[in-house]
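Working notes, beginning with the structure itself.
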Amino acid sequence: MRDPSLTTGRDMPDVALLNNLRVGLYTCDRQGNITSFNDRAAELWGYRPSDNVRFWGFHKSWQSDGSEIHPETSPMATALREERTFHGLEMWVEQPDGNRYFAGITIDLIRNESDAVVGAAAMIRDITDEKAATKDFITDTERRYRTLIKTLPVAAYVCDLEGRLTLYNDAAVRLWGREPRDEDKWCGALRVYTLDGTPVPPDECPMAQTVKLGRAVEDEVILLEQPDGTMLYVLPCPRPLFDPVGKLEGAVNVLIDITTEKRSQQILEESVNRLNLAVNAAELGTWDMDIASGRIVASDRHKKIMGVEKDGLWTRQDCMKVIHPDDQPMVDDLFSAALKSGTLFFEARVVRKDNSIRWIRVNGVTLFSNGQASRMIGTTLDITPQREISEQLEQKVARRTRELTRLNKLLEESNHDLEQFAYIASHDLQEPLRKIQTFATLAENVDNEEGRRKYLAKVRDEAQGMSALVRDVLTFSRLSAIPEFTKVDLNQVVEEVKSELSLLIAETEATVTSDDLPEVMGIQRQLGQLLSNLISNSLKFAKDRPVVNISYRVLPREEATGLPMLQPGREYVQLMVKDNGIGFEQRYADQIFNIFQRLNPREAYPGNGIGLALCKKIAENHNGTISAKSTPGQGTVMYVTLPGIKKD
């Protein structure tokens, strides 16, 4: 067949003739895309395929051996791949609504004028009626029967007189755990056993016996083994099949999975043994009390748990004597209530002869005779270890809750920082850009070289300021990643900072002193940055000659407990960085640690408003805090709390 775009109409199939003959026609390109189809093809498919359907328009189709045909391995795909034709193909196909028919299919190649294969065309016919008269063809009644077998929710299959599996449903495949093989006879299971574990040969299984005897055999539970070793209890229900004249032609079998029921029966039968085993393994004490006399027959373990050495019978009063005095009213009330409700449960303390206190858990059931409580039986368990673990767990939960509160606060502050960053950073970054644009325009329009240089110098200053701002923002953002803590000598850190700021200290004629500072657990580089920012601020915001002193104190534990950001029970030290600067009003003490926040005009005191925000982030990275105390004109004290070194 020639490519329709390159050949005359004479070389194309007569579409009108094909429609009159009720023939479906569709074409595919070399890649398998369905490029055209007529209404009869859509009718035979039972739907109009979308663009993503390739090669094969049938919803389902099967080869003669019963295996399903997939689009990638379909005759159309093979024809395009191997450049070959197919004539006289016959197969069962199924439409999306479940309707099945027998289809005859012919596939020819489409070639262009260079004789290269560019696609293929297929003609489809419903030949069910043509095949109906032939021997062994499945009639409509049989088709409905097969559909019934296929759609049954339980495992079902059919065998012929030779034991070949001629039909089975998906439920059977799931039960067997496998697709049957050609050599399988009478059953698709891997292996079959009697309930005592004896293997059953295929020709002796219930299905084979039914065909052999020509009648249904007595229902007998068997064990069926799946490929993964799973054993299932199955009740087979084989029945013979006869043709219309009464001749035996095979058998049908329905397999009922009763594994759940059988295992429930086994569980019930073994419950007493398991109960006894559980009582011993759980170290339970058992007791049986006569309600009228109050006498108790108790196991040795029960007496041991209660701390009672009395032999023979003992009474409810004996039991109450060892109950902790604070728990006796509760236990007495629950015993009385159990005589009506039928159940007893409590956890209480017992006091043994050595005055040790143990926790017990008591479970009991009341037995009634003629409507009256006659006996109460139950168990006793020493739950002291569980109680101790529970208390430890509660303490751990409390610690974790405090830690979660601290982390939530950090998250809230982080979100607040992000909001500030989004709003203020956009403004602070836009402002130098606006000035750069303004000064650049002015430089373009000025007539003399001196004026142009002046404006270009302003452009350079704004660009440098913007670069410093971006650098500070990057420094701030990188503080989120926290490396391992190590011992840090603060004296060494202070000396390194003083060396770094030596030029500024000399220019301002400042005095920077420090006490003999301790070691702390932290990140030396970040702590150096923190102290550098604090000392720089003290030098920058000074009235006269700056005086800066760094001291410390060990933070009392009661103070640490009152600060939610600090971990209870841990050693902390508090650094005090004091200066004689201009100070500020105390109401701004929290505001100064917000990113980009400035209390003074940039013209008077240059800076980006990031320094103290960095200090706060560093303190929080160290599970510590930072705060400020200040008075206008009287200087400022910065308080930095850091984790100390644990003492052995």
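Letters for chains follow the order of the structure tokens (A, B, ...), residue numbers begin at 1 for each chain, and ligand numbers begin at 1 in the order shown.
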Practice task
Identify, with DSSP run on backbone atoms, the residues in region 174-339 of chain A assigned to strand (DSSP E), and express the list as a ChimeraX atom specification.
Solution key: /A:191-193,222-225,231-242,248-257,285-290,295-298,314-315
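The neighbours of Tyr233 (chain A) here are the residues that come within 8 Å of it, using only C-alpha atoms and leaving out any residue fewer than 5 positions away in the same chain; they are A:Val221, A:Ile222, A:Leu223, A:Leu224, A:Asp257, A:Ile258, A:Thr259, A:Lys262.
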Exercise for the section: Looking only at helix (DSSP H, G or I) from DSSP on the backbone, list the matching residues of region 39-231 of chain A as a PyMOL selection string. Expected result: chain A and resi 39-45+71-73+75-82+128-132+140-151+170-176+202-204+206-213
For the selection just defined, write its residues with N, CA and C atoms to a file, as a short mmCIF file (atom, residue, chain, number, x, y, z; two decimals), in the first residue's frame.
```
data_model
loop_
_atom_site.label_atom_id
_atom_site.label_comp_id
_atom_site.auth_asym_id
_atom_site.auth_seq_id
_atom_site.Cartn_x
_atom_site.Cartn_y
_atom_site.Cartn_z
N ASP A 39 -15.28 5.14 11.52
CA ASP A 39 -16.28 4.96 12.59
C ASP A 39 -16.45 3.50 12.95
N ARG A 40 -16.33 2.60 11.95
CA ARG A 40 -16.49 1.18 12.24
C ARG A 40 -15.37 0.69 13.15
N ALA A 41 -14.13 1.21 12.95
CA ALA A 41 -13.03 0.81 13.83
C ALA A 41 -13.33 1.24 15.26
N ALA A 42 -13.80 2.49 15.43
CA ALA A 42 -14.14 2.96 16.78
C ALA A 42 -15.25 2.12 17.38
N GLU A 43 -16.21 1.69 16.52
CA GLU A 43 -17.31 0.86 17.00
C GLU A 43 -16.79 -0.51 17.46
N LEU A 44 -15.89 -1.08 16.67
CA LEU A 44 -15.33 -2.38 17.03
C LEU A 44 -14.44 -2.29 18.27
N TRP A 45 -13.71 -1.17 18.43
CA TRP A 45 -12.90 -0.97 19.64
C TRP A 45 -13.77 -0.72 20.86
N PRO A 71 0.11 -3.48 23.56
CA PRO A 71 0.37 -2.67 22.37
C PRO A 71 1.79 -2.81 21.84
N GLU A 72 2.81 -2.81 22.71
CA GLU A 72 4.19 -2.83 22.25
C GLU A 72 4.57 -4.16 21.59
N THR A 73 3.81 -5.23 21.89
CA THR A 73 4.12 -6.53 21.30
C THR A 73 3.00 -6.99 20.36
N PRO A 75 0.53 -7.34 16.92
CA PRO A 75 0.87 -7.56 15.51
C PRO A 75 1.19 -6.26 14.76
N MET A 76 0.49 -5.16 15.10
CA MET A 76 0.78 -3.88 14.43
C MET A 76 2.20 -3.43 14.76
N ALA A 77 2.60 -3.54 16.04
CA ALA A 77 3.96 -3.16 16.42
C ALA A 77 4.99 -4.05 15.73
N THR A 78 4.68 -5.36 15.64
CA THR A 78 5.59 -6.29 14.98
C THR A 78 5.71 -5.99 13.49
N ALA A 79 4.56 -5.65 12.86
CA ALA A 79 4.58 -5.33 11.43
C ALA A 79 5.46 -4.12 11.15
N LEU A 80 5.36 -3.08 11.99
CA LEU A 80 6.16 -1.87 11.79
C LEU A 80 7.64 -2.13 12.10
N ARG A 81 7.90 -2.93 13.14
CA ARG A 81 9.26 -3.18 13.55
C ARG A 81 10.00 -4.09 12.55
N GLU A 82 9.28 -5.13 12.07
CA GLU A 82 9.92 -6.11 11.19
C GLU A 82 9.59 -5.90 9.71
N THR A 128 -17.42 -13.25 14.54
CA THR A 128 -18.01 -14.16 15.53
C THR A 128 -19.05 -15.06 14.88
N ASP A 129 -19.93 -14.46 14.09
CA ASP A 129 -21.01 -15.24 13.47
C ASP A 129 -20.44 -16.24 12.47
N GLU A 130 -19.38 -15.85 11.75
CA GLU A 130 -18.77 -16.75 10.77
C GLU A 130 -18.17 -17.97 11.45
N LYS A 131 -17.63 -17.75 12.66
CA LYS A 131 -16.98 -18.85 13.37
C LYS A 131 -17.97 -19.70 14.15
N ALA A 132 -19.18 -19.18 14.33
CA ALA A 132 -20.14 -19.86 15.21
C ALA A 132 -20.44 -21.28 14.72
N ASP A 140 -22.37 -17.99 22.23
CA ASP A 140 -22.69 -16.85 23.09
C ASP A 140 -22.97 -17.32 24.52
N THR A 141 -23.63 -18.48 24.66
CA THR A 141 -23.91 -19.01 25.99
C THR A 141 -22.62 -19.35 26.71
N GLU A 142 -21.69 -19.98 25.95
CA GLU A 142 -20.41 -20.29 26.56
C GLU A 142 -19.64 -19.03 26.91
N ARG A 143 -19.79 -18.02 26.04
CA ARG A 143 -19.09 -16.76 26.30
C ARG A 143 -19.59 -16.14 27.61
N ARG A 144 -20.91 -16.20 27.79
CA ARG A 144 -21.45 -15.68 29.05
C ARG A 144 -20.97 -16.51 30.23
N TYR A 145 -20.85 -17.81 30.01
CA TYR A 145 -20.35 -18.69 31.06
C TYR A 145 -18.91 -18.35 31.42
N ARG A 146 -18.09 -18.14 30.37
CA ARG A 146 -16.70 -17.77 30.61
C ARG A 146 -16.60 -16.42 31.32
N THR A 147 -17.45 -15.50 30.90
CA THR A 147 -17.45 -14.18 31.55
C THR A 147 -17.81 -14.31 33.02
N LEU A 148 -18.79 -15.20 33.30
CA LEU A 148 -19.19 -15.43 34.69
C LEU A 148 -18.01 -15.96 35.51
N ILE A 149 -17.31 -16.96 34.95
CA ILE A 149 -16.14 -17.53 35.65
C ILE A 149 -15.10 -16.44 35.91
N LYS A 150 -14.86 -15.62 34.87
CA LYS A 150 -13.82 -14.59 34.98
C LYS A 150 -14.16 -13.55 36.05
N THR A 151 -15.44 -13.25 36.18
CA THR A 151 -15.83 -12.15 37.09
C THR A 151 -16.21 -12.62 38.49
N ASP A 170 -9.01 -14.25 37.73
CA ASP A 170 -7.94 -13.55 38.45
C ASP A 170 -7.89 -13.95 39.92
N ALA A 171 -9.08 -14.24 40.49
CA ALA A 171 -9.10 -14.64 41.90
C ALA A 171 -8.34 -15.95 42.11
N ALA A 172 -8.42 -16.85 41.11
CA ALA A 172 -7.67 -18.11 41.22
C ALA A 172 -6.16 -17.85 41.15
N VAL A 173 -5.77 -16.94 40.26
CA VAL A 173 -4.35 -16.61 40.15
C VAL A 173 -3.83 -16.04 41.47
N ARG A 174 -4.63 -15.17 42.09
CA ARG A 174 -4.22 -14.60 43.39
C ARG A 174 -4.12 -15.67 44.46
N LEU A 175 -5.06 -16.61 44.44
CA LEU A 175 -5.04 -17.68 45.44
C LEU A 175 -3.84 -18.60 45.23
N TRP A 176 -3.59 -18.97 43.98
CA TRP A 176 -2.43 -19.82 43.69
C TRP A 176 -1.12 -19.07 43.88
N PRO A 202 -1.08 -34.49 41.69
CA PRO A 202 -2.11 -33.80 40.91
C PRO A 202 -3.26 -34.71 40.49
N ASP A 203 -2.96 -35.97 40.07
CA ASP A 203 -4.03 -36.85 39.60
C ASP A 203 -4.85 -37.45 40.74
N GLU A 204 -4.54 -37.07 41.99
CA GLU A 204 -5.35 -37.53 43.12
C GLU A 204 -6.05 -36.36 43.83
N PRO A 206 -8.81 -33.27 44.43
CA PRO A 206 -10.27 -33.33 44.32
C PRO A 206 -10.80 -33.14 42.90
N MET A 207 -10.17 -32.27 42.11
CA MET A 207 -10.63 -32.03 40.73
C MET A 207 -10.47 -33.28 39.88
N ALA A 208 -9.31 -33.96 40.01
CA ALA A 208 -9.07 -35.19 39.24
C ALA A 208 -10.04 -36.29 39.66
N GLN A 209 -10.32 -36.38 40.97
CA GLN A 209 -11.25 -37.39 41.46
C GLN A 209 -12.66 -37.15 40.93
N THR A 210 -13.05 -35.87 40.80
CA THR A 210 -14.38 -35.55 40.29
C THR A 210 -14.54 -36.02 38.85
N VAL A 211 -13.51 -35.77 38.02
CA VAL A 211 -13.57 -36.22 36.62
C VAL A 211 -13.51 -37.74 36.55
N LYS A 212 -12.69 -38.33 37.39
CA LYS A 212 -12.55 -39.78 37.37
C LYS A 212 -13.85 -40.47 37.76
N LEU A 213 -14.54 -39.93 38.78
CA LEU A 213 -15.78 -40.54 39.28
C LEU A 213 -17.01 -40.04 38.54
#
```
Problem - Residue neighbourhood Asn355 (chain A), 12 Å, only C-alpha atoms, exclusion window fewer than 4 positions, as a ChimeraX atom specification - result: /A:307,322-324,349-351
Export of prior selection with N, CA and C atoms as a tab-separated table (two decimals), in the first residue's frame:
```tsv
chain	number	residue	atom	x	y	z
A	307	GLY	N	4.30	-9.44	98.94
A	307	GLY	CA	5.21	-9.40	100.08
A	307	GLY	C	4.67	-10.13	101.30
A	322	VAL	N	-1.73	-4.89	103.42
A	322	VAL	CA	-0.46	-4.54	102.77
A	322	VAL	C	-0.63	-3.42	101.75
A	323	ILE	N	-1.88	-3.03	101.46
A	323	ILE	CA	-2.11	-1.90	100.56
A	323	ILE	C	-1.69	-0.61	101.26
A	324	HIS	N	-1.06	0.28	100.55
A	324	HIS	CA	-0.63	1.56	101.11
A	324	HIS	C	-1.83	2.29	101.72
A	349	ARG	N	-0.26	0.93	95.48
A	349	ARG	CA	1.02	0.64	96.11
A	349	ARG	C	0.82	-0.36	97.25
A	350	VAL	N	1.80	-1.24	97.41
A	350	VAL	CA	1.81	-2.14	98.56
A	350	VAL	C	3.08	-1.84	99.36
A	351	VAL	N	2.96	-2.01	100.68
A	351	VAL	CA	4.09	-1.77	101.57
A	351	VAL	C	4.53	-3.11	102.13
```
Practice task
Skip Ala292 (chain A) itself and residues of its chain fewer than 3 positions away, then list as a list in words all residues within 9 Å of it, counting only C-alpha atoms.
Solution key: Met289, Arg295, Ala373, Ser374 and Arg375 of chain A
Exercise for the section: For CA of Leu232 (chain A) and CA of Val254 (chain A), quote the distance in Å rounded to one decimal. Expected result: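 Distance between the two atoms: 14.7 Å.
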Exercise for the section: Write out as JSON, numbers by chain each polymer residue whose atoms come within 6 Å of region 535-541 of chain A, counting only C-alpha atoms; drop sequence neighbours fewer than 5 positions from it. Expected result: {"A": [546, 579, 581, 582]}
Problem - Nearest to Ala619 (chain A), chosen from A:Ala348, A:Val577, A:Leu527, A:Ile377, with only C-alpha atoms counted in the distances - result: A:Leu527
Practice task
Enter the distance from CA of Asn408 (chain A) to CA of Asn594 (chain A), in Å, rounded to one decimal.
Solution key: 18.0 Å
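Closest to Val493 (chain A) among A:Asp29, A:Asp516, A:Glu509, A:Asp318 is A:Asp516, based on only C-alpha atoms.
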Problem - Distance in Å - CA of Lys617 (chain A) versus CA of Arg525 (chain A) - result: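 Straight-line distance from CA of Lys617 (chain A) to CA of Arg525 (chain A) works out to 13.4 Å.
Closest approach to Ala542 (chain A) from the set A:Trp56, A:Phe584, A:Phe368, A:Phe242 is made by A:Phe584, with distances taken over only C-alpha atoms.
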Handout entry: Lys487 (chain A) surroundings by only C-alpha atoms, 7 Å radius, close-in-sequence under 6 positions cut, as number ranges by chain
Key = A: 519-522
Practice task
Could you check which of A:Cys319, A:Val217, A:Leu566, A:Leu248 is closest to Ile296 (chain A), using only C-alpha atoms?
Solution key: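 Looking only at the distances to Ile296 (chain A), the closest residue turns out to be A:Cys319.
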Exercise for the section: Give me the residues within 7 Å of Lys185 (chain A) as number ranges by chain, counting only C-alpha atoms and dropping any in the same chain fewer than 3 places off. Expected result: A: 163-165, 202
Selected residues written out with N, CA and C atoms, as an mmCIF file, in the first residue's frame:
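Dumped to part_22.cif:
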```cif
data_model
loop_
_atom_site.group_PDB
_atom_site.id
_atom_site.type_symbol
_atom_site.label_atom_id
_atom_site.label_comp_id
_atom_site.auth_asym_id
_atom_site.auth_seq_id
_atom_site.Cartn_x
_atom_site.Cartn_y
_atom_site.Cartn_z
ATOM 1 N N GLY A 163 -7.254 -32.890 32.262
ATOM 2 C CA GLY A 163 -6.730 -32.108 33.377
ATOM 3 C C GLY A 163 -6.143 -30.771 32.971
ATOM 4 N N ARG A 164 -6.209 -30.433 31.673
ATOM 5 C CA ARG A 164 -5.682 -29.140 31.242
ATOM 6 C C ARG A 164 -6.584 -28.012 31.728
ATOM 7 N N LEU A 165 -5.972 -26.952 32.210
ATOM 8 C CA LEU A 165 -6.729 -25.803 32.701
ATOM 9 C C LEU A 165 -7.148 -24.948 31.513
ATOM 10 N N PRO A 202 -1.076 -34.492 41.694
ATOM 11 C CA PRO A 202 -2.112 -33.804 40.905
ATOM 12 C C PRO A 202 -3.260 -34.712 40.488
#
```
